[in-house]
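Source file: model_1.csv (CSV, C-alpha atoms)
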chain,number,residue,atom,x,y,z
A,29,MET,CA,11.4,50.9,16.7
A,30,ARG,CA,8.1,49.0,16.8
A,31,SER,CA,6.0,48.3,13.8
A,32,THR,CA,2.4,49.6,13.7
A,33,SER,CA,1.4,47.3,10.8
A,34,PRO,CA,1.0,43.6,11.3
A,35,LEU,CA,2.3,42.7,7.8
A,36,PRO,CA,6.1,43.4,8.6
A,37,VAL,CA,5.8,41.4,11.8
A,38,ILE,CA,4.0,38.5,10.1
A,39,LEU,CA,6.7,38.4,7.4
A,40,VAL,CA,9.5,38.5,9.9
A,41,LEU,CA,8.0,35.7,11.9
A,42,TRP,CA,7.5,33.7,8.7
A,43,GLY,CA,11.2,34.4,7.8
A,44,ALA,CA,12.1,33.1,11.2
A,45,GLY,CA,10.3,29.9,10.3
A,46,LEU,CA,12.2,29.7,7.0
A,47,GLY,CA,15.4,29.7,9.1
A,48,ALA,CA,14.0,27.1,11.4
A,49,ALA,CA,13.3,24.8,8.5
A,50,ALA,CA,16.8,25.5,7.1
A,51,GLN,CA,18.1,23.9,10.3
A,52,PHE,CA,17.1,20.6,8.6
A,53,GLY,CA,17.6,21.8,5.0
A,54,LYS,CA,21.2,22.9,5.3
A,55,VAL,CA,22.2,19.4,6.2
A,56,SER,CA,19.8,17.6,3.9
A,57,VAL,CA,20.8,19.4,0.7
A,58,LEU,CA,24.5,18.7,1.5
A,59,PHE,CA,24.0,15.2,2.9
A,60,GLU,CA,26.2,13.4,0.3
A,61,ARG,CA,28.9,16.0,0.6
A,62,ILE,CA,28.8,16.0,4.4
A,63,ALA,CA,29.3,12.3,4.4
A,64,LEU,CA,32.7,12.8,2.9
A,65,ASP,CA,33.7,14.9,5.9
A,66,TYR,CA,33.0,11.9,8.1
A,67,PRO,CA,34.6,8.9,6.4
A,68,GLY,CA,33.8,5.6,8.1
A,69,ALA,CA,30.6,6.9,9.8
A,70,GLY,CA,27.7,4.5,9.3
A,71,ALA,CA,24.4,5.5,7.6
A,72,VAL,CA,22.6,5.6,11.0
A,73,LEU,CA,25.0,8.1,12.5
A,74,LEU,CA,24.9,10.3,9.4
A,75,GLY,CA,21.1,10.1,9.3
A,76,LEU,CA,21.1,11.3,12.9
A,77,VAL,CA,22.9,14.4,11.9
A,78,VAL,CA,19.8,15.3,10.0
A,79,SER,CA,17.0,13.8,12.1
A,80,VAL,CA,18.1,14.5,15.7
A,81,VAL,CA,16.9,18.1,15.4
A,82,GLY,CA,13.3,16.7,14.9
A,83,LEU,CA,13.6,14.1,17.6
A,84,VAL,CA,13.9,16.9,20.2
A,85,GLY,CA,10.4,18.1,19.1
A,86,LEU,CA,9.0,14.6,19.3
A,87,ILE,CA,10.1,14.4,23.0
A,88,PHE,CA,9.7,18.0,24.2
A,89,GLY,CA,7.0,19.5,21.9
A,90,THR,CA,4.3,20.1,24.5
A,91,THR,CA,6.9,21.1,27.1
A,92,ALA,CA,8.0,23.8,24.7
A,93,GLY,CA,4.4,25.0,24.5
A,94,LEU,CA,4.3,25.3,28.3
A,95,MET,CA,7.6,27.2,28.3
A,96,VAL,CA,6.4,29.7,25.7
A,97,GLN,CA,3.3,30.2,27.7
A,98,GLY,CA,5.3,31.0,30.8
A,99,LEU,CA,8.3,32.9,29.4
A,100,GLY,CA,6.5,34.8,26.6
A,101,SER,CA,6.7,34.2,22.8
A,102,ARG,CA,8.9,37.2,21.9
A,103,ARG,CA,11.4,36.4,24.6
A,104,VAL,CA,11.6,32.8,23.7
A,105,LEU,CA,11.8,33.5,19.9
A,106,VAL,CA,14.7,36.1,20.2
A,107,TRP,CA,16.8,33.7,22.3
A,108,ALA,CA,16.0,30.7,20.1
A,109,LEU,CA,17.1,32.6,17.0
A,110,ALA,CA,20.2,33.9,18.6
A,111,LEU,CA,21.2,30.5,19.9
A,112,ALA,CA,20.4,28.9,16.5
A,113,ALA,CA,22.9,31.4,14.9
A,114,LEU,CA,25.5,30.4,17.4
A,115,PHE,CA,25.0,26.6,16.9
A,116,SER,CA,25.1,27.0,13.1
A,117,ALA,CA,28.3,28.9,13.3
A,118,LEU,CA,29.9,26.3,15.6
A,119,GLN,CA,28.9,23.6,13.1
A,120,ALA,CA,30.5,25.4,10.1
A,121,PRO,CA,34.0,23.8,10.5
A,122,MET,CA,32.4,20.3,10.4
A,123,PRO,CA,33.6,19.3,13.9
A,124,PRO,CA,33.9,15.6,14.8
A,125,LEU,CA,30.7,13.7,15.1
A,126,ALA,CA,31.2,13.5,18.9
A,127,LEU,CA,30.8,17.3,18.9
A,128,MET,CA,28.5,17.7,15.9
A,129,LEU,CA,25.7,15.5,17.2
A,130,PRO,CA,25.4,17.3,20.6
A,131,LEU,CA,25.4,20.6,18.7
A,132,ARG,CA,22.6,19.3,16.5
A,133,VAL,CA,20.7,18.3,19.6
A,134,ALA,CA,21.1,21.8,21.1
A,135,GLU,CA,20.0,23.2,17.8
A,136,GLY,CA,16.9,21.0,18.0
A,137,PHE,CA,15.8,22.9,21.1
A,138,SER,CA,16.2,26.2,19.3
A,139,HIS,CA,14.2,24.8,16.3
A,140,LEU,CA,11.4,23.6,18.6
A,141,ALA,CA,11.2,27.0,20.4
A,142,ILE,CA,10.9,28.8,17.0
A,143,VAL,CA,8.2,26.6,15.5
A,144,VAL,CA,6.1,26.8,18.7
A,145,ALA,CA,6.5,30.6,19.5
A,146,ALA,CA,6.3,32.0,15.9
A,147,PRO,CA,2.8,30.7,14.9
A,148,VAL,CA,1.4,31.8,18.3
A,149,MET,CA,2.7,35.3,17.6
A,150,ILE,CA,1.4,35.3,14.1
A,151,ALA,CA,-2.1,34.4,15.4
A,152,GLN,CA,-1.9,37.2,17.9
A,153,VAL,CA,-0.9,40.0,15.5
A,154,ALA,CA,-2.9,39.0,12.3
A,155,PRO,CA,-6.3,40.7,11.9
A,156,LEU,CA,-9.1,38.3,12.2
A,157,ARG,CA,-10.1,38.5,8.6
A,158,PHE,CA,-6.6,37.7,7.5
A,159,GLN,CA,-5.8,35.0,10.1
A,160,GLY,CA,-6.4,32.1,7.7
A,161,LEU,CA,-4.1,33.6,5.2
A,162,ALA,CA,-1.4,34.3,7.8
A,163,MET,CA,-1.5,30.8,9.3
A,164,THR,CA,-1.5,29.2,5.8
A,165,LEU,CA,1.5,31.3,4.9
A,166,TRP,CA,3.2,30.1,8.1
A,167,SER,CA,2.3,26.5,7.2
A,168,SER,CA,4.3,26.8,4.0
A,169,PHE,CA,7.6,27.6,5.7
A,170,PHE,CA,9.1,24.1,5.4
A,171,ALA,CA,8.5,23.6,1.7
A,172,VAL,CA,9.5,27.1,0.8
A,173,SER,CA,12.7,27.0,2.9
A,174,PHE,CA,13.8,23.6,1.4
A,175,ALA,CA,13.3,25.0,-2.1
A,176,ILE,CA,15.3,28.1,-1.3
A,177,THR,CA,18.1,26.2,0.5
A,178,ALA,CA,18.5,23.8,-2.4
A,179,THR,CA,18.5,26.6,-4.9
A,180,LEU,CA,20.9,28.9,-3.2
A,181,GLY,CA,22.7,26.7,-0.7
A,182,LEU,CA,24.2,24.2,-3.2
A,183,PRO,CA,25.9,26.9,-5.4
A,184,LEU,CA,27.2,28.6,-2.2
A,185,ALA,CA,28.7,25.4,-0.9
A,186,ASP,CA,30.1,24.5,-4.4
A,187,ARG,CA,32.0,27.8,-4.5
A,188,PHE,CA,33.0,28.4,-0.8
A,189,GLY,CA,32.7,24.9,0.9
A,190,ASN,CA,30.1,23.3,3.0
A,191,GLY,CA,30.8,25.6,6.0
A,192,ALA,CA,29.8,28.6,4.0
A,193,LEU,CA,26.1,27.5,4.0
A,194,PHE,CA,26.2,27.0,7.8
A,195,LEU,CA,27.8,30.5,8.3
A,196,ALA,CA,25.2,32.0,5.9
A,197,HIS,CA,22.5,30.4,8.0
A,198,ALA,CA,24.0,31.7,11.2
A,199,ALA,CA,24.0,35.2,9.8
A,200,TYR,CA,20.4,34.8,8.7
A,201,MET,CA,19.3,33.7,12.1
A,202,ALA,CA,21.2,36.5,13.9
A,203,VAL,CA,19.5,39.1,11.6
A,204,PHE,CA,16.1,37.7,12.4
A,205,ALA,CA,16.8,37.6,16.1
A,206,LEU,CA,17.5,41.4,15.9
A,207,ALA,CA,14.4,42.0,13.7
A,208,VAL,CA,12.1,40.2,16.1
A,209,ARG,CA,13.5,42.2,19.1
A,210,LEU,CA,13.1,45.5,17.3
A,211,LEU,CA,9.6,44.9,15.8
A,212,LEU,CA,7.7,43.4,18.7
A,213,PRO,CA,7.0,45.1,22.0
A,214,PRO,CA,8.5,43.8,25.3
A,215,GLU,CA,6.4,41.4,27.3
A,216,ALA,CA,5.4,41.1,30.9
A,217,PRO,CA,8.0,39.6,33.2
A,218,ALA,CA,8.6,35.9,32.7
A,219,ARG,CA,6.9,33.2,34.8
A,220,LEU,CA,9.0,30.1,34.8
A,221,PRO,CA,6.6,27.1,34.5
A,222,GLU,CA,7.0,24.3,37.0
A,223,LEU,CA,9.2,21.6,35.4
A,224,ARG,CA,8.9,18.8,37.9
A,225,LEU,CA,8.0,15.5,36.1
A,226,PRO,CA,4.6,14.9,37.8
A,227,VAL,CA,3.5,18.4,37.0
A,228,LEU,CA,4.6,18.1,33.3
A,229,LEU,CA,2.8,14.7,33.0
A,230,ARG,CA,-0.3,16.2,34.4
A,231,GLN,CA,-0.1,19.2,32.1
A,232,HIS,CA,0.5,16.9,29.1
A,233,GLY,CA,-2.6,15.0,30.1
A,234,GLN,CA,-4.6,18.2,30.2
A,235,ILE,CA,-3.5,19.2,26.7
A,236,TYR,CA,-4.3,16.0,25.0
A,237,ALA,CA,-7.6,15.6,27.0
A,238,SER,CA,-8.8,18.9,25.6
A,239,ALA,CA,-11.0,18.7,22.5
A,240,PHE,CA,-10.0,22.3,21.7
A,241,VAL,CA,-6.2,22.3,22.4
A,242,ALA,CA,-5.4,18.8,21.0
A,243,ALA,CA,-7.6,18.9,17.9
A,244,PRO,CA,-5.1,20.6,15.5
A,245,ALA,CA,-2.3,18.3,16.6
A,246,LEU,CA,-4.2,15.1,16.2
A,247,GLY,CA,-5.3,15.9,12.7
A,248,PHE,CA,-1.8,17.2,11.9
A,249,CYS,CA,-0.3,13.9,12.9
A,250,CYS,CA,-2.4,12.1,10.3
A,251,TYR,CA,-1.1,14.6,7.7
A,252,THR,CA,2.6,14.4,8.6
A,253,LEU,CA,2.5,10.6,8.8
A,254,THR,CA,1.6,10.6,5.1
A,255,TYR,CA,3.0,13.7,3.5
A,256,VAL,CA,6.8,13.5,3.8
A,257,ALA,CA,6.6,9.7,3.1
A,258,LEU,CA,4.7,10.4,-0.1
A,259,LEU,CA,7.1,13.0,-1.3
A,260,THR,CA,9.9,10.5,-0.8
A,261,LEU,CA,8.5,7.2,-2.0
A,262,LEU,CA,5.5,8.0,-4.3
A,263,PRO,CA,7.5,9.5,-7.3
A,264,PRO,CA,9.5,6.3,-8.0
A,265,MET,CA,6.3,4.4,-8.3
A,266,VAL,CA,4.7,6.6,-11.0
A,267,GLY,CA,6.6,5.0,-13.9
A,268,GLY,CA,6.6,6.1,-17.5
A,269,GLY,CA,9.5,8.5,-17.0
A,270,TRP,CA,7.4,10.9,-14.9
A,271,GLN,CA,9.4,10.4,-11.6
A,272,GLY,CA,11.3,13.7,-11.9
A,273,PHE,CA,8.2,15.7,-12.8
A,274,VAL,CA,6.2,14.3,-9.9
A,275,ALA,CA,9.0,14.8,-7.4
A,276,ALA,CA,9.4,18.5,-8.4
A,277,MET,CA,5.7,19.3,-8.7
A,278,MET,CA,4.3,17.7,-5.6
A,279,PRO,CA,5.7,20.2,-3.1
A,280,LEU,CA,5.0,23.1,-5.5
A,281,VAL,CA,1.4,22.1,-5.9
A,282,SER,CA,1.0,21.8,-2.2
A,283,ILE,CA,2.3,25.4,-1.6
A,284,VAL,CA,0.3,27.0,-4.5
A,285,VAL,CA,-3.0,25.2,-3.6
A,286,SER,CA,-2.8,25.9,0.1
A,287,LEU,CA,-2.1,29.6,-0.5
A,288,THR,CA,-4.9,30.0,-3.1
A,289,ILE,CA,-7.7,27.5,-2.8
A,290,GLY,CA,-6.9,26.8,0.8
A,291,VAL,CA,-7.0,30.5,1.8
A,292,TRP,CA,-10.2,31.0,-0.2
A,293,LEU,CA,-11.9,28.1,1.7
A,294,LEU,CA,-10.7,29.4,5.0
A,295,SER,CA,-12.5,32.6,4.4
A,296,ARG,CA,-15.8,30.7,4.0
A,297,PHE,CA,-15.6,27.6,6.2
A,298,PRO,CA,-14.3,26.5,9.6
A,299,ALA,CA,-10.7,25.2,9.5
A,300,VAL,CA,-11.7,21.8,10.9
A,301,ARG,CA,-14.2,21.2,8.1
A,302,ILE,CA,-11.5,22.1,5.5
A,303,VAL,CA,-9.1,19.6,7.1
A,304,GLN,CA,-11.8,16.9,6.9
A,305,GLY,CA,-12.5,17.8,3.3
A,306,GLY,CA,-8.8,17.7,2.4
A,307,PHE,CA,-8.5,14.2,3.9
A,308,ALA,CA,-11.6,13.1,2.0
A,309,VAL,CA,-10.0,14.2,-1.3
A,310,ALA,CA,-6.8,12.4,-0.3
A,311,VAL,CA,-8.9,9.2,0.1
A,312,LEU,CA,-10.0,9.7,-3.5
A,313,GLY,CA,-6.4,10.0,-4.5
A,314,ALA,CA,-5.7,6.7,-2.7
A,315,ALA,CA,-8.5,5.0,-4.5
A,316,MET,CA,-7.0,6.1,-7.9
A,317,ILE,CA,-3.7,4.5,-6.9
A,318,TRP,CA,-5.6,1.3,-5.9
A,319,VAL,CA,-7.5,1.1,-9.1
A,320,PHE,CA,-4.9,2.3,-11.6
A,321,PRO,CA,-1.5,1.2,-10.2
A,322,GLY,CA,0.1,0.5,-13.6
A,323,TRP,CA,-1.2,3.5,-15.4
A,324,PRO,CA,1.5,6.3,-15.4
A,325,MET,CA,-0.9,9.2,-16.2
A,326,ALA,CA,-3.4,8.1,-13.6
A,327,MET,CA,-0.6,7.8,-11.0
A,328,VAL,CA,0.6,11.3,-11.9
A,329,ALA,CA,-2.9,12.6,-11.5
A,330,ALA,CA,-3.2,10.8,-8.1
A,331,ALA,CA,0.1,12.2,-6.9
A,332,LEU,CA,-0.8,15.8,-7.7
A,333,LEU,CA,-4.3,15.4,-6.2
A,334,LEU,CA,-2.7,14.1,-3.0
A,335,ALA,CA,-0.2,16.9,-2.9
A,336,ALA,CA,-3.1,19.5,-3.4
A,337,SER,CA,-5.4,17.9,-0.8
A,338,LEU,CA,-2.7,17.5,1.8
A,339,GLY,CA,-1.5,21.0,1.2
A,340,VAL,CA,-5.0,22.3,2.1
A,341,VAL,CA,-4.9,20.0,5.2
A,342,GLN,CA,-1.6,21.5,6.3
A,343,GLY,CA,-2.7,25.2,6.1
A,344,ALA,CA,-6.1,24.5,7.7
A,345,SER,CA,-4.5,22.6,10.6
A,346,PHE,CA,-2.5,25.6,11.6
A,347,ALA,CA,-5.5,27.9,11.1
A,348,ALA,CA,-7.4,25.7,13.5
A,349,ILE,CA,-5.1,26.6,16.3
A,350,PRO,CA,-6.4,30.2,16.8
A,351,GLN,CA,-9.9,29.3,15.6
A,352,LEU,CA,-10.3,26.7,18.4
A,353,ASN,CA,-8.2,28.5,21.0
A,354,PRO,CA,-8.9,32.2,21.4
A,355,GLY,CA,-6.5,32.6,24.4
A,356,ALA,CA,-2.7,32.9,24.0
A,357,GLU,CA,-2.1,30.3,26.7
A,358,ASP,CA,-4.1,27.6,24.9
A,359,ARG,CA,-2.6,28.6,21.5
A,360,ALA,CA,0.9,28.0,22.9
A,361,ARG,CA,-0.1,24.6,24.2
A,362,ALA,CA,-1.8,23.7,20.9
A,363,ALA,CA,1.3,24.8,18.9
A,364,GLY,CA,3.5,22.6,21.2
A,365,ALA,CA,1.2,19.6,20.6
A,366,VAL,CA,1.3,20.2,16.9
A,367,ALA,CA,5.1,20.2,17.0
A,368,GLN,CA,5.2,17.1,19.0
A,369,LEU,CA,2.7,15.0,17.0
A,370,GLY,CA,4.0,16.5,13.8
A,371,ASN,CA,7.4,15.1,14.5
A,372,LEU,CA,5.9,11.8,15.5
A,373,GLY,CA,4.2,11.5,12.1
A,374,THR,CA,7.3,12.6,10.2
A,375,THR,CA,9.6,10.2,12.0
A,376,THR,CA,7.4,7.1,11.6
A,377,GLY,CA,5.7,7.7,8.2
A,378,THR,CA,8.6,7.0,5.8
A,379,PRO,CA,9.8,3.7,7.2
A,380,LEU,CA,6.2,2.5,7.6
A,381,LEU,CA,5.4,3.3,4.0
A,382,ALA,CA,8.6,1.7,2.8
A,383,ALA,CA,7.7,-1.5,4.6
A,384,LEU,CA,4.1,-1.5,3.1
A,385,ILE,CA,5.4,-0.9,-0.5
A,386,ALA,CA,7.9,-3.7,-0.1
A,387,SER,CA,5.2,-6.1,1.0
A,388,GLN,CA,2.0,-4.9,-0.7
A,389,GLY,CA,3.1,-2.6,-3.6
A,390,ALA,CA,0.7,0.0,-4.8
A,391,ALA,CA,-2.1,-1.5,-2.6
A,392,GLY,CA,0.0,-0.8,0.5
A,393,LEU,CA,0.6,2.7,-0.7
A,394,ALA,CA,-3.1,3.3,-1.2
A,395,LEU,CA,-3.9,1.9,2.3
A,396,PHE,CA,-1.2,4.0,3.8
A,397,VAL,CA,-2.9,7.1,2.5
A,398,ALA,CA,-6.5,6.1,3.0
A,399,LEU,CA,-6.3,4.9,6.6
A,400,PRO,CA,-4.7,7.9,8.2
A,401,SER,CA,-6.9,10.2,6.1
A,402,LEU,CA,-10.0,8.4,7.4
A,403,ALA,CA,-8.6,8.5,10.9
A,404,GLY,CA,-8.1,12.3,10.6
A,405,ILE,CA,-11.7,12.7,9.5
A,406,ALA,CA,-13.0,10.5,12.3
A,407,LEU,CA,-10.8,12.2,15.0
A,408,HIS,CA,-12.0,15.7,14.1
A,409,GLN,CA,-15.6,14.5,14.0
A,410,TRP,CA,-15.3,13.0,17.5
A,411,LEU,CA,-13.5,16.0,18.9
A,412,ALA,CA,-16.2,18.3,17.3
A,413,PHE,CA,-18.9,16.3,19.0
A,414,ARG,CA,-17.0,16.6,22.4
A,415,ARG,CA,-16.8,20.4,21.9
A,416,ARG,CA,-20.5,20.6,21.3
A,417,HIS,CA,-21.3,18.3,24.2
A,418,PRO,CA,-18.7,18.9,26.9
A,419,GLU,CA,-18.8,16.5,29.8

Encoded form using structure tokens:
Amino acid sequence: MRSTSPLPVILVLWGAGLGAAAQFGKVSVLFERIALDYPGAGAVLLGLVVSVVGLVGLIFGTTAGLMVQGLGSRRVLVWALALAALFSALQAPMPPLALMLPLRVAEGFSHLAIVVAAPVMIAQVAPLRFQGLAMTLWSSFFAVSFAITATLGLPLADRFGNGALFLAHAAYMAVFALAVRLLLPPEAPARLPELRLPVLLRQHGQIYASAFVAAPALGFCCYTLTYVALLTLLPPMVGGGWQGFVAAMMPLVSIVVSLTIGVWLLSRFPAVRIVQGGFAVAVLGAAMIWVFPGWPMAMVAAALLLAASLGVVQGASFAAIPQLNPGAEDRARAAGAVAQLGNLGTTTGTPLLAALIASQGAAGLALFVALPSLAGIALHQWLAFRRRHPE
């Protein structure tokens, strides 16, 4: 049975994204407990159990966009969800690290396929007047999924063991594989892209040389460089007993603001301008940290302002994909680039901020926010100029 309304399809695709984010979350929320299953394993190896899923996207992000373009979004998404279910079930017994790590690498490929294919499909099915809302909803999948996984996953693991969360995740992914297969119509026969290295390198060059295809990803990299690092390292710097409040409120503020003010702005202004405006407000938050580093209330206000502004940047960056790229082929390439550069920012941001705080304190934190934000504004301005004046 196929859906005639776009809403069920959009919600199912967003639900697939929640499952993709839970590929990280199911390990993150159980991290200390999982460490007990691997006594003697070093911190680096245990950290890889979480992060290796994202490293796949860092290396193969744009390649995944090319694969989705050739094979078809629906076909790729169904297989990725089904394989994610299989990998999660195989991880449930907590096998030795020599097997667990390869399983997590394999799961990383399924994760990458989901986060590239699903937003492309959402942009295709969403009516034009609701496209900003649909893409902003998609952009919330990581924060919402982590909140749900922490709320429901920990009690489940407490009662039935760590493996129960992995099995629940496997069942979830299997259900959504079936839902996508039933709701979306079949696609044209697959066209396998040419995967020879010289061809892939040339296609990567074409993607990042395009002022249309690369723009969402370049701005998004400036966002991911700062956002996850701030969620991790800013709350302990607030002081005055506000750390727990700030840690809980920052992701919540990001979600609420992006789905309200962010969607309202997208109905009135181009997505790229909203990204630039969000970065400009983030610079203001950085200035507050620079001027009032020892004032707890000022730091709380700055933290929430940063969460709100970067939440708007997040949603508008995804909305920029279909706004700048009307064709499905370019949307797939743009989504692949977003996955690749997003993982680059997420991977590098936290250690970089930790080093800056250790050496410069609050001033280092302020610079860490201000410089990527200013870079995001400048990059989008330069790419907009190139779009208006093509060579």

Exercise. Suppose you want the space between atom CA of Ala171 of chain A and atom CA of Gly322 of chain A; what is it in Å?
Worked result: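 Computing it gives 29.0 Å between the two atoms.
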
The residue from A:Ala276, A:Leu131, A:Asn190, A:Gly392 with the smallest atom-to-atom distance to Leu64 of chain A, counting all atoms listed in the file, is A:Asn190

| said: Give me, as a count of residues only, all polymer residues having an atom no more than 9 Å from segment 371-383 of chain A, counting all atoms listed in the file and skipping those fewer than 5 positions away in the same chain. | reply: 26

Q. Could you state the separation of atom CA of Ala390 of chain A and atom CA of Val266 of chain A in Å, given to one decimal place?
A.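 Rounded to one decimal, the two atoms are 9.9 Å apart.
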
Q | Atom pair atom CA of Met278 of chain A / atom CA of Pro263 of chain A: separation (Å) | A |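 Going from atom CA of Met278 of chain A over to atom CA of Pro263 of chain A covers 9.0 Å.
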
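Of the residues under consideration (A:Arg157, A:Ala175, A:Pro400, A:Ala331), A:Arg157 shows the shortest atom-to-atom contact distance to Arg296 of chain A when counting all atoms listed in the file.
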
* Residue nearest Leu229 of chain A among A:Ser168, A:Gln368, A:Thr288, A:Thr90 (counting only C-alpha atoms) ->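 Residue with the minimum atom-to-atom distance to Leu229 of chain A: A:Thr90.
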
Kindly extract all protein, DNA and RNA residues lying within 12 Å of the coordinates (12.6, 45.7, 20.9) given in the file, considering all atoms listed in the file, and supply them as number ranges by chain. A: 29-31, 102-103, 106, 205-215

Write a file of the selected residues as a JSON list (two decimals), in the frame of the given file, keeping C-alpha atoms.
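The result, stored in part.json:
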[["chain", "number", "residue", "atom", "x", "y", "z"],
["A", 29, "MET", "CA", 11.40, 50.90, 16.70],
["A", 30, "ARG", "CA", 8.10, 49.00, 16.80],
["A", 31, "SER", "CA", 6.00, 48.30, 13.80],
["A", 102, "ARG", "CA", 8.90, 37.20, 21.90],
["A", 103, "ARG", "CA", 11.40, 36.40, 24.60],
["A", 106, "VAL", "CA", 14.70, 36.10, 20.20],
["A", 205, "ALA", "CA", 16.80, 37.60, 16.10],
["A", 206, "LEU", "CA", 17.50, 41.40, 15.90],
["A", 207, "ALA", "CA", 14.40, 42.00, 13.70],
["A", 208, "VAL", "CA", 12.10, 40.20, 16.10],
["A", 209, "ARG", "CA", 13.50, 42.20, 19.10],
["A", 210, "LEU", "CA", 13.10, 45.50, 17.30],
["A", 211, "LEU", "CA", 9.60, 44.90, 15.80],
["A", 212, "LEU", "CA", 7.70, 43.40, 18.70],
["A", 213, "PRO", "CA", 7.00, 45.10, 22.00],
["A", 214, "PRO", "CA", 8.50, 43.80, 25.30],
["A", 215, "GLU", "CA", 6.40, 41.40, 27.30]]

Hey, which bits of segment 145-237 of chain A sit within 12 Å of segment 298-316 of chain A, and for each residue what's the closest pair of atoms and how far apart in Å (one decimal), counting only C-alpha atoms, rows by chain and increasing number, as CSV?
residue,atom,partner,partner_atom,distance
A:Gln159,CA,A:Ala299,CA,11.0
A:Gly160,CA,A:Ala299,CA,8.3
A:Leu161,CA,A:Ala299,CA,11.5
A:Met163,CA,A:Ala299,CA,10.8
A:Thr164,CA,A:Ala299,CA,10.7

Those residues you just picked out, can you put them in a file as a PDB file, in the coordinates of the input with C-alpha atoms?
ATOM      1  CA  GLN A 159      -5.800  35.000  10.100  1.00  0.00           C
ATOM      2  CA  GLY A 160      -6.400  32.100   7.700  1.00  0.00           C
ATOM      3  CA  LEU A 161      -4.100  33.600   5.200  1.00  0.00           C
ATOM      4  CA  MET A 163      -1.500  30.800   9.300  1.00  0.00           C
ATOM      5  CA  THR A 164      -1.500  29.200   5.800  1.00  0.00           C
TER       6      THR A 164
END

Can segment 59-73 of chain A be brought up to N, CA and C atoms and written out as a CSV table (one decimal), in the coordinates of the input?
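The new file selection_20.csv reads:
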chain,number,residue,atom,x,y,z
A,59,PHE,N,23.8,16.5,2.1
A,59,PHE,CA,24.0,15.2,2.9
A,59,PHE,C,25.2,14.4,2.3
A,60,GLU,N,25.2,14.2,1.0
A,60,GLU,CA,26.2,13.4,0.3
A,60,GLU,C,27.6,14.0,0.5
A,61,ARG,N,27.6,15.3,0.4
A,61,ARG,CA,28.9,16.0,0.6
A,61,ARG,C,29.4,15.9,2.0
A,62,ILE,N,28.5,16.1,3.0
A,62,ILE,CA,28.8,16.0,4.4
A,62,ILE,C,29.3,14.7,4.8
A,63,ALA,N,28.8,13.6,4.1
A,63,ALA,CA,29.3,12.3,4.4
A,63,ALA,C,30.8,12.1,4.1
A,64,LEU,N,31.3,12.9,3.2
A,64,LEU,CA,32.7,12.8,2.9
A,64,LEU,C,33.6,13.4,4.0
A,65,ASP,N,33.0,14.3,4.8
A,65,ASP,CA,33.7,14.9,5.9
A,65,ASP,C,33.8,13.9,7.1
A,66,TYR,N,33.0,12.8,7.1
A,66,TYR,CA,33.0,11.9,8.1
A,66,TYR,C,33.2,10.5,7.6
A,67,PRO,N,34.3,10.2,7.0
A,67,PRO,CA,34.6,8.9,6.4
A,67,PRO,C,34.5,7.8,7.5
A,68,GLY,N,33.9,6.7,7.2
A,68,GLY,CA,33.8,5.6,8.1
A,68,GLY,C,32.5,5.7,9.0
A,69,ALA,N,31.8,6.8,9.0
A,69,ALA,CA,30.6,6.9,9.8
A,69,ALA,C,29.5,6.1,9.1
A,70,GLY,N,28.7,5.4,9.9
A,70,GLY,CA,27.7,4.5,9.3
A,70,GLY,C,26.5,5.4,8.9
A,71,ALA,N,25.6,4.8,8.1
A,71,ALA,CA,24.4,5.5,7.6
A,71,ALA,C,23.5,6.0,8.8
A,72,VAL,N,23.4,5.2,9.9
A,72,VAL,CA,22.6,5.6,11.0
A,72,VAL,C,23.1,6.9,11.6
A,73,LEU,N,24.4,6.9,11.9
A,73,LEU,CA,25.0,8.1,12.5
A,73,LEU,C,24.8,9.4,11.6
